[in-house]
file model_25.tsv (TSV, C-alpha atoms)
chain	number	residue	atom	x	y	z
A	1	MET	CA	-48.65	-4.69	-29.83
A	2	ASP	CA	-48.69	-6.23	-26.40
A	3	ASP	CA	-49.87	-4.14	-23.43
A	4	ARG	CA	-48.22	-6.36	-20.85
A	5	LEU	CA	-45.59	-3.73	-20.07
A	6	ASP	CA	-48.26	-1.24	-19.06
A	7	ASP	CA	-49.96	-3.85	-16.92
A	8	ASP	CA	-46.67	-4.77	-15.26
A	9	LEU	CA	-45.88	-1.12	-14.53
A	10	LYS	CA	-49.32	-0.62	-12.99
A	11	ALA	CA	-48.82	-3.71	-10.83
A	12	LEU	CA	-45.42	-2.45	-9.66
A	13	ARG	CA	-46.86	0.96	-8.84
A	14	ALA	CA	-49.50	-0.70	-6.66
A	15	GLU	CA	-46.91	-2.59	-4.57
A	16	PRO	CA	-45.44	-0.94	-1.47
A	17	PRO	CA	-41.78	0.11	-1.76
A	18	ALA	CA	-39.13	-2.26	-0.47
A	19	ALA	CA	-38.06	-1.87	3.16
A	20	ALA	CA	-34.47	-1.05	2.16
A	21	TYR	CA	-35.62	2.10	0.35
A	22	ASP	CA	-36.74	3.64	3.61
A	23	GLN	CA	-33.19	3.61	4.94
A	24	ILE	CA	-31.31	4.92	1.89
A	25	ASP	CA	-30.99	8.40	3.38
A	26	GLN	CA	-29.64	7.06	6.65
A	27	ARG	CA	-27.07	4.89	4.85
A	28	VAL	CA	-25.95	7.77	2.64
A	29	TRP	CA	-25.52	10.16	5.58
A	30	GLY	CA	-23.74	7.41	7.51
A	31	GLY	CA	-21.32	6.95	4.61
A	32	ILE	CA	-20.69	10.69	4.45
A	33	ALA	CA	-19.99	10.78	8.19
A	34	GLU	CA	-17.55	7.88	7.84
A	35	VAL	CA	-15.65	9.65	5.06
A	36	ARG	CA	-15.47	12.80	7.18
A	37	ARG	CA	-14.08	10.84	10.13
A	38	ALA	CA	-11.49	9.22	7.87
A	39	ARG	CA	-10.42	12.63	6.54
A	40	GLN	CA	-10.04	13.97	10.07
A	41	ALA	CA	-7.82	11.03	11.02
A	42	ALA	CA	-5.62	11.38	7.91
A	43	PRO	CA	-3.27	14.13	9.25
A	44	VAL	CA	-2.52	12.00	12.30
A	45	LEU	CA	-1.69	9.05	10.05
A	46	TYR	CA	0.55	11.26	7.89
A	47	ALA	CA	2.48	12.32	10.98
A	48	VAL	CA	2.89	8.72	12.12
A	49	ARG	CA	4.08	7.69	8.66
A	50	ALA	CA	6.53	10.59	8.51
A	51	VAL	CA	7.97	9.66	11.91
A	52	ALA	CA	8.35	6.05	10.80
A	53	VAL	CA	10.14	7.06	7.59
A	54	VAL	CA	12.48	9.45	9.42
A	55	GLY	CA	13.22	6.76	12.02
A	56	ALA	CA	13.97	4.18	9.34
A	57	LEU	CA	16.23	6.60	7.49
A	58	GLY	CA	18.06	7.48	10.69
A	59	LEU	CA	18.55	3.84	11.58
A	60	GLY	CA	19.80	3.10	8.06
A	61	VAL	CA	22.25	5.99	8.11
A	62	ALA	CA	23.54	5.02	11.55
A	63	GLY	CA	23.91	1.35	10.63
A	64	GLY	CA	25.46	2.12	7.26
A	65	GLY	CA	27.87	4.61	8.79
A	66	ALA	CA	28.97	2.11	11.42
A	67	ALA	CA	29.49	-0.55	8.75
A	68	ALA	CA	31.40	1.89	6.54
A	69	ILE	CA	33.71	2.85	9.43
A	70	ALA	CA	34.34	-0.81	10.22
A	71	VAL	CA	35.15	-1.64	6.59
A	72	ALA	CA	37.31	1.46	6.15
A	73	SER	CA	39.54	0.46	9.06
A	74	GLU	CA	40.24	-2.99	7.56
A	75	SER	CA	42.98	-3.51	5.03
A	76	GLN	CA	41.72	-3.75	1.48
A	77	GLU	CA	42.40	-7.23	0.13
A	78	THR	CA	41.58	-6.68	-3.51
A	79	SER	CA	43.23	-4.09	-5.67
A	80	ALA	CA	43.39	-3.76	-9.42
A	81	PHE	CA	47.18	-3.29	-9.40
A	82	SER	CA	48.18	-5.66	-6.61
A	83	ILE	CA	50.75	-8.34	-7.35
A	84	ASN	CA	49.78	-10.70	-4.53
A	85	SER	CA	46.00	-10.80	-4.25
A	86	GLU	CA	44.42	-13.42	-2.01
A	87	LEU	CA	41.48	-13.94	-4.34
A	88	ALA	CA	43.40	-14.11	-7.60
A	89	PRO	CA	42.93	-17.43	-9.46
A	90	SER	CA	46.66	-18.02	-9.64
A	91	THR	CA	47.01	-17.59	-5.89
A	92	LEU	CA	44.04	-19.85	-5.16
A	93	LEU	CA	45.34	-22.57	-7.51
A	94	ASP	CA	48.87	-22.43	-6.10
A	95	HIS	CA	47.64	-23.44	-2.63
A	96	HIS	CA	45.69	-26.47	-3.90
A	97	GLY	CA	48.08	-27.65	-6.57
call {"tool": "encode", "arguments": {"input": "model_25.tsv", "output": "structure tokens"}}
result
Amino acid sequence: MDDRLDDDLKALRAEPPAAAYDQIDQRVWGGIAEVRRARQAAPVLYAVRAVAVVGALGLGVAGGGAAAIAVASESQETSAFSINSELAPSTLLDHHG
């Protein structure tokens, strides 16, 4: 059996710890503080999103209502039981024939 593993572990134990290990606690607490700040800002973002959604819905309803009123006031060109329909194939072919 080779004792190189024990020798390597002893050599690693003798080395000083890496510089990054000294700042692990600071980085962890910094990450926790960042998450807490993000959670505190979340209700404000929810309110902004809700206002944007309500505004978009209102604009859509207003625009759709205006378009529906404009279309409703026009005469309907196509009907299932109409004899003279402008878009019927027979009517379109009669003008070009």
call {"tool": "atom_distance", "arguments": {"input": "model_25.tsv", "atom1": "CA of Asp6 in chain A", "atom2": "CA of Asp22 in chain A"}}
result
25.9 Å
call {"tool": "atom_distance", "arguments": {"input": "model_25.tsv", "atom1": "CA of Gly31 in chain A", "atom2": "CA of Leu12 in chain A"}}
result
29.5 Å
call {"tool": "atom_distance", "arguments": {"input": "model_25.tsv", "atom1": "CA of Ala38 in chain A", "atom2": "CA of Val54 in chain A"}}
result
24.0 Å
call {"tool": "decode", "arguments": {"input": "model_25.tsv", "residues": "range 61-73 of chain A", "atoms": "all heavy atoms", "output": "tab-separated table (two decimals), in the first residue's frame"}}
result
chain	number	residue	atom	x	y	z
A	61	VAL	N	-59.58	47.55	-24.22
A	61	VAL	CA	-61.04	47.63	-24.18
A	61	VAL	C	-61.51	48.90	-24.89
A	61	VAL	O	-62.47	48.88	-25.66
A	61	VAL	CB	-61.54	47.57	-22.72
A	61	VAL	CG1	-63.00	47.97	-22.63
A	61	VAL	CG2	-61.34	46.17	-22.17
A	62	ALA	N	-60.83	50.02	-24.65
A	62	ALA	CA	-61.23	51.27	-25.29
A	62	ALA	C	-61.04	51.19	-26.80
A	62	ALA	O	-61.93	51.58	-27.57
A	62	ALA	CB	-60.42	52.43	-24.71
A	63	GLY	N	-59.90	50.68	-27.23
A	63	GLY	CA	-59.65	50.57	-28.67
A	63	GLY	C	-60.57	49.57	-29.34
A	63	GLY	O	-61.10	49.81	-30.43
A	64	GLY	N	-60.80	48.44	-28.67
A	64	GLY	CA	-61.71	47.44	-29.23
A	64	GLY	C	-63.14	47.93	-29.27
A	64	GLY	O	-63.88	47.65	-30.22
A	65	GLY	N	-63.55	48.66	-28.24
A	65	GLY	CA	-64.91	49.21	-28.24
A	65	GLY	C	-65.10	50.23	-29.34
A	65	GLY	O	-66.14	50.25	-30.00
A	66	ALA	N	-64.10	51.08	-29.54
A	66	ALA	CA	-64.20	52.08	-30.62
A	66	ALA	C	-64.25	51.39	-31.98
A	66	ALA	O	-65.03	51.79	-32.86
A	66	ALA	CB	-63.02	53.03	-30.55
A	67	ALA	N	-63.45	50.35	-32.17
A	67	ALA	CA	-63.47	49.63	-33.44
A	67	ALA	C	-64.80	48.90	-33.63
A	67	ALA	O	-65.34	48.86	-34.75
A	67	ALA	CB	-62.32	48.64	-33.50
A	68	ALA	N	-65.34	48.34	-32.56
A	68	ALA	CA	-66.62	47.63	-32.66
A	68	ALA	C	-67.75	48.59	-33.00
A	68	ALA	O	-68.64	48.27	-33.80
A	68	ALA	CB	-66.91	46.91	-31.35
A	69	ILE	N	-67.73	49.79	-32.42
A	69	ILE	CA	-68.77	50.78	-32.74
A	69	ILE	C	-68.65	51.22	-34.19
A	69	ILE	O	-69.66	51.38	-34.89
A	69	ILE	CB	-68.67	51.97	-31.77
A	69	ILE	CG1	-69.10	51.54	-30.37
A	69	ILE	CG2	-69.51	53.15	-32.25
A	69	ILE	CD1	-68.84	52.57	-29.29
A	70	ALA	N	-67.42	51.40	-34.67
A	70	ALA	CA	-67.23	51.82	-36.06
A	70	ALA	C	-67.70	50.74	-37.03
A	70	ALA	O	-68.33	51.03	-38.05
A	70	ALA	CB	-65.76	52.15	-36.31
A	71	VAL	N	-67.43	49.49	-36.73
A	71	VAL	CA	-67.84	48.39	-37.61
A	71	VAL	C	-69.35	48.19	-37.53
A	71	VAL	O	-69.99	47.86	-38.53
A	71	VAL	CB	-67.08	47.09	-37.23
A	71	VAL	CG1	-67.66	45.89	-37.92
A	71	VAL	CG2	-65.62	47.25	-37.59
A	72	ALA	N	-69.92	48.36	-36.35
A	72	ALA	CA	-71.36	48.15	-36.20
A	72	ALA	C	-72.17	49.17	-36.98
A	72	ALA	O	-73.28	48.88	-37.44
A	72	ALA	CB	-71.74	48.20	-34.72
A	73	SER	N	-71.64	50.37	-37.16
A	73	SER	CA	-72.38	51.40	-37.88
A	73	SER	C	-72.30	51.21	-39.39
A	73	SER	O	-73.11	51.77	-40.13
A	73	SER	CB	-71.87	52.79	-37.51
A	73	SER	OG	-70.52	52.93	-37.93
